[in-house]
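Notes for the one structure printed next.
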Protein chains: 2
Amino acid sequence: MSNHLPSWNDGKTKESILKYLDLVTDPNQATFVPIEDRIAVFDNDGTLWCEKPMYIQLDYILRQLAGQAQSNPELRTRQPWQAAWKKDFAWLGSAITKHYQGDDSDLKVLLGGVLALANDQPVERIEAAAKKFVENERHPELALSYQDCVYKPMFELLRFLEANDFTNYIVSGGGRDFMRGFAQDLYSIPRERVIGSTVAYRFVESENGADILQKAELDVIDDGPGKPIQIWHVIGRRPILAAGNSNGDIEMLKFTQSRGEPYLNLLLLHDDTEREYAYQKGAEKALNLAAERDWQVISMKDDWNIIF
Amino acid sequence: MSNHLPSWNDGKTKESILKYLDLVTDPNQATFVPIEDRIAVFDNDGTLWCEKPMYIQLDYILRQLAGQAQSNPELRTRQPWQAAWKKDFAWLGSAITKHYQGDDSDLKVLLGGVLALANDQPVERIEAAAKKFVENERHPELALSYQDCVYKPMFELLRFLEANDFTNYIVSGGGRDFMRGFAQDLYSIPRERVIGSTVAYRFVESENGADILQKAELDVIDDGPGKPIQIWHVIGRRPILAAGNSNGDIEMLKFTQSRGEPYLNLLLLHDDTEREYAYQKGAEKALNLAAERDWQVISMKDDWNIIF
């Protein structure tokens with residue numbers, strides 16, 4: 001079986017995955033799980049692809065905001081347009097970090113700008129823009145296009161789970177409509193299995209048809225307790241495998257564990273300064289819980305022989 | 001192919017279904033639709049199973065409300081407990097009819113009682129109660145248990161679509177968690193393909209695990225324009241086949257038509273006083289639109305040789 005995960009080094013992590021799949025798929029064991037319940041949920045940013053120095057979707061958003069500040073100088077002294085215009089990534093990065101530490105003030109300012117961008121956008125247009133963006137734009141530090149920022153070992157894990165009759169879902173704090181633009185191409189995960197944050201919609205009729213437009217109004221924040229809640233709304237089953245990398249994934253991991261054995265919780269530790277990044281900010285609680293509850297921590301440095 | 005729909009009489013309706021499936025599945029025709037886009041959406045009440053003299057879920061709710069009035073006499077003079085306690089089905093029926101005619105006042109009173117029932121209910125408990133209810137309780141007028149109130153011709157259509165690699169979804173104004181309790185057993189539609197109205201959830205942790213509880217707070221009304229909106233939230237694709245029976249299905253049918261040819265919109269006309277019911281209240285606009293837009297009307301009386 002191990003030749004299905006060629007990018008994973010031999011060791012405890014890979015062993016725990018292989019052992020778990022054996023427990024779940026062997027009809028002669030009490031731990032066997034019927035195919036319809038083999039639900040695996042994956043966080044996206046920092047779990048399936050790179051999230052540093054900033055979320056890839058944030059780069060997309062900032063370019064849009066900067067474009068607005070370009071045409072409207074008054075916006076250049078207002079956040080979040082100011083940060084976008086001046087490329088003040090420190091302000092932006094700290095908005096996210098503060099969020100995971102319990103302070104949402106800057107995130108709300110940022111969201112105000114994001115929501116204004118959404119107003120009256122047809123859902124299909126957002127997806128097309130997202131697809132074009134990840135295909136054409138490049139990571140600011142790694143010598144990669146965004147679409148190549150997918151972690152190869154995680155891509156292999158998705159395929160290996162599929163080969164074992166799992167159904168994989170993305171469950172991310174990122175924008176669902178944005179992710180739907182590339183989830184099939186980058187992860188082979190179809191659009192109906194992409195769960196994420198979303199604005200509200202409105203249904204509009206025109207002479208030639210009918211469309212769904214985004215509204216400048218937050219509907220779902222798929223983060224923290226929002227993750228198990230969205231999992232139930234969309235899937236209606238408790239996952240038996242979950243993978244994440246930050247405090248925003250804790251409730252999803254707990255919900256997965258709550259189903260009882262056999263379950264597998266994976267927490268990706270970014271500890272590779274040479275090939276990617278090393279950071280634990282915003283993941284402190286999750287790492288503590290992983291140690292307490294025996295969730296499997298993946299070390300990028302030690303467990304992966306290739307990253308991208 | 002026609003032996004797949006034995007409960008359907010030969011005629012224009014059955015022909016239009018067979019012809020449509022041929023258009024969609026024949027790889028040599030320009031109308032061929034790839035499997036991943038073969039999405040079919042079905043309203044539930046009045047489309048897949050009987051909705052008269054009242055919604056089956058309403059019977060379930062009324063028994064719960066009457067139970068509360070039984071133990072708390074003060075509730076017996078307050079709507080909706082009064083109607084539930086006195087079995088005043090006229091008040092209840094008119095609340096629904098008024099809704100489809102544009103007046104939501106009584107429906108809101110009814111919803112108040114329904115929402116109070118939801119408070120702090122674990123989602124799994126609702127499902128178990130729904131399953132038990134449809135298995136054990138009987139239709140008040142037809143000589144059938146509720147689980148046998150499924151329209152046999154529609155059940156055959158679901159199976160025939162599956163055989164043609166369609167993915168079937170329920171898209172109903174009814175409660176999603178209620179429907180998930182029996183959708184697999186009655187329709188062979190898995191829980192993740194049940195779209196419906198829902199209350200909000202909260203995530204709670206206990207010593208032994210983690211659960212999703214219903215809140216006494218409406219989240220989604222999956223009716224009218226809410227149907228295409230929920231279709232996009234959950235599926236993210238425009239259906240190519242839709243079936244409904246009331247004004248609440250109009251936007252779903254329009255959204256399906258908006259994809260362009262080939263599409264098939266089916267509108268079930270209740271015109272069989274002998275074997276089921278004959279009524280058009282709450283379906284007037286939909287029937288007018290069906291005539292205007294050439295949607296296929298299904299006559300229960302003429303098109304079905306058996307109903308249940």
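So you can find residues: chains in the structure tokens are A, B, ... in the order shown, residues in each start at 1, and ligands are numbered from 1 in order.
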key: Per-residue DSSP, segment 168-290 of chain B, filtered to alpha helix (DSSP H), as number ranges by chain   = B: 176-180, 183-187, 226-234, 250-258, 284-290
message = Can you pull out the residues contacting segment 53-65 of chain A? Cut-off 7 Å, using only C-alpha atoms, and skip same-chain residues under 6 positions away; I want them as a list of chain:residue names.
response = A:Asp45, A:Trp81, A:Ala84, A:Gly93, A:Val114
key: Test item: chain B residues at most 6 Å from chain A, counting only C-alpha atoms, as a PyMOL selection string   = chain B and resi 192+203+209-210+225+235-236+255+258
query = From the list A:Val109, A:Val220, A:Lys132, A:Asn164, which residue is nearest Gly181 of chain A when using only C-alpha atoms?
reply =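 Nearest candidate to Gly181 of chain A out of A:Val109, A:Val220, A:Lys132, A:Asn164: A:Lys132.
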query = Tell me, which residues of segment 19-153 of chain A carry DSSP strand (DSSP E), written as a ChimeraX atom specification?
reply = /A:39-42
ask   = What's the 8 Å shell around segment 96-105 of chain B, counting only C-alpha atoms, without same-chain residues fewer than 4 positions away, as a list of chain:residue names?
value =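 Everything that qualifies: B:Leu92, B:Val109, B:Asn247, B:Gly248, B:Lys281, B:Gly282.
Nearest-residue note for Val24 of chain A: choosing from A:Tyr146, A:Pro262, A:Ala95, A:Asp10, the minimum distance belongs to A:Pro262, counting only C-alpha atoms.
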key: Contacts of segment 66-71 of chain A at 10 Å (only C-alpha atoms; same-chain gap of 5+ positions) as JSON, numbers by chain   = {"A": [61, 76, 77, 78, 80, 81, 82, 83, 84, 85, 86, 87, 117]}
Export C-alpha atoms of the chosen residues as a compact mmCIF listing (two decimals), in the first residue's frame?
```
# COMPACT_ATOMS: atom_id res chain seq x y z
CA ILE A 61 -8.62 40.35 -2.84
CA ARG A 76 -6.05 55.22 -0.31
CA THR A 77 -6.27 56.53 3.26
CA ARG A 78 -8.99 54.06 4.34
CA PRO A 80 -8.38 47.95 4.00
CA TRP A 81 -7.77 49.85 0.73
CA GLN A 82 -4.78 51.64 2.29
CA ALA A 83 -3.03 48.37 3.15
CA ALA A 84 -3.85 46.97 -0.29
CA TRP A 85 -2.60 50.10 -2.05
CA LYS A 86 0.63 50.34 -0.01
CA LYS A 87 1.15 46.58 0.03
CA LEU A 117 -16.25 43.60 -3.73
```
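For Lys152 of chain B, the set of protein, DNA and RNA residues having any atom at most 12 Å away, when counting only C-alpha atoms and skipping those fewer than 6 positions along the same chain, is Leu5, Pro6, Ser7, Trp8, Thr47, Leu48, Trp49, Cys50, Leu158, Arg159, Leu186, Tyr187, Met300, Trp304, Asn305, Ile306, Ile307 and Phe308 of chain B.
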request  = Identify, on the basis of only C-alpha atoms, every residue whose closest approach to Ser16 of chain B does not exceed 8 Å; exclude the query and any residue fewer than 4 positions from it along the same chain; express the result as a PyMOL selection string.
outcome  = chain B and resi 12+20+296
request  = Work out how far atom CA of Asp185 of chain A is from atom CA of Val134 of chain A, in Å to one decimal.
outcome  =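 For atom CA of Val134 of chain A relative to atom CA of Asp185 of chain A, the distance reads 10.5 Å.
Note that atom CA of Glu15 of chain A and atom CA of Trp295 of chain A are 13.6 Å apart.
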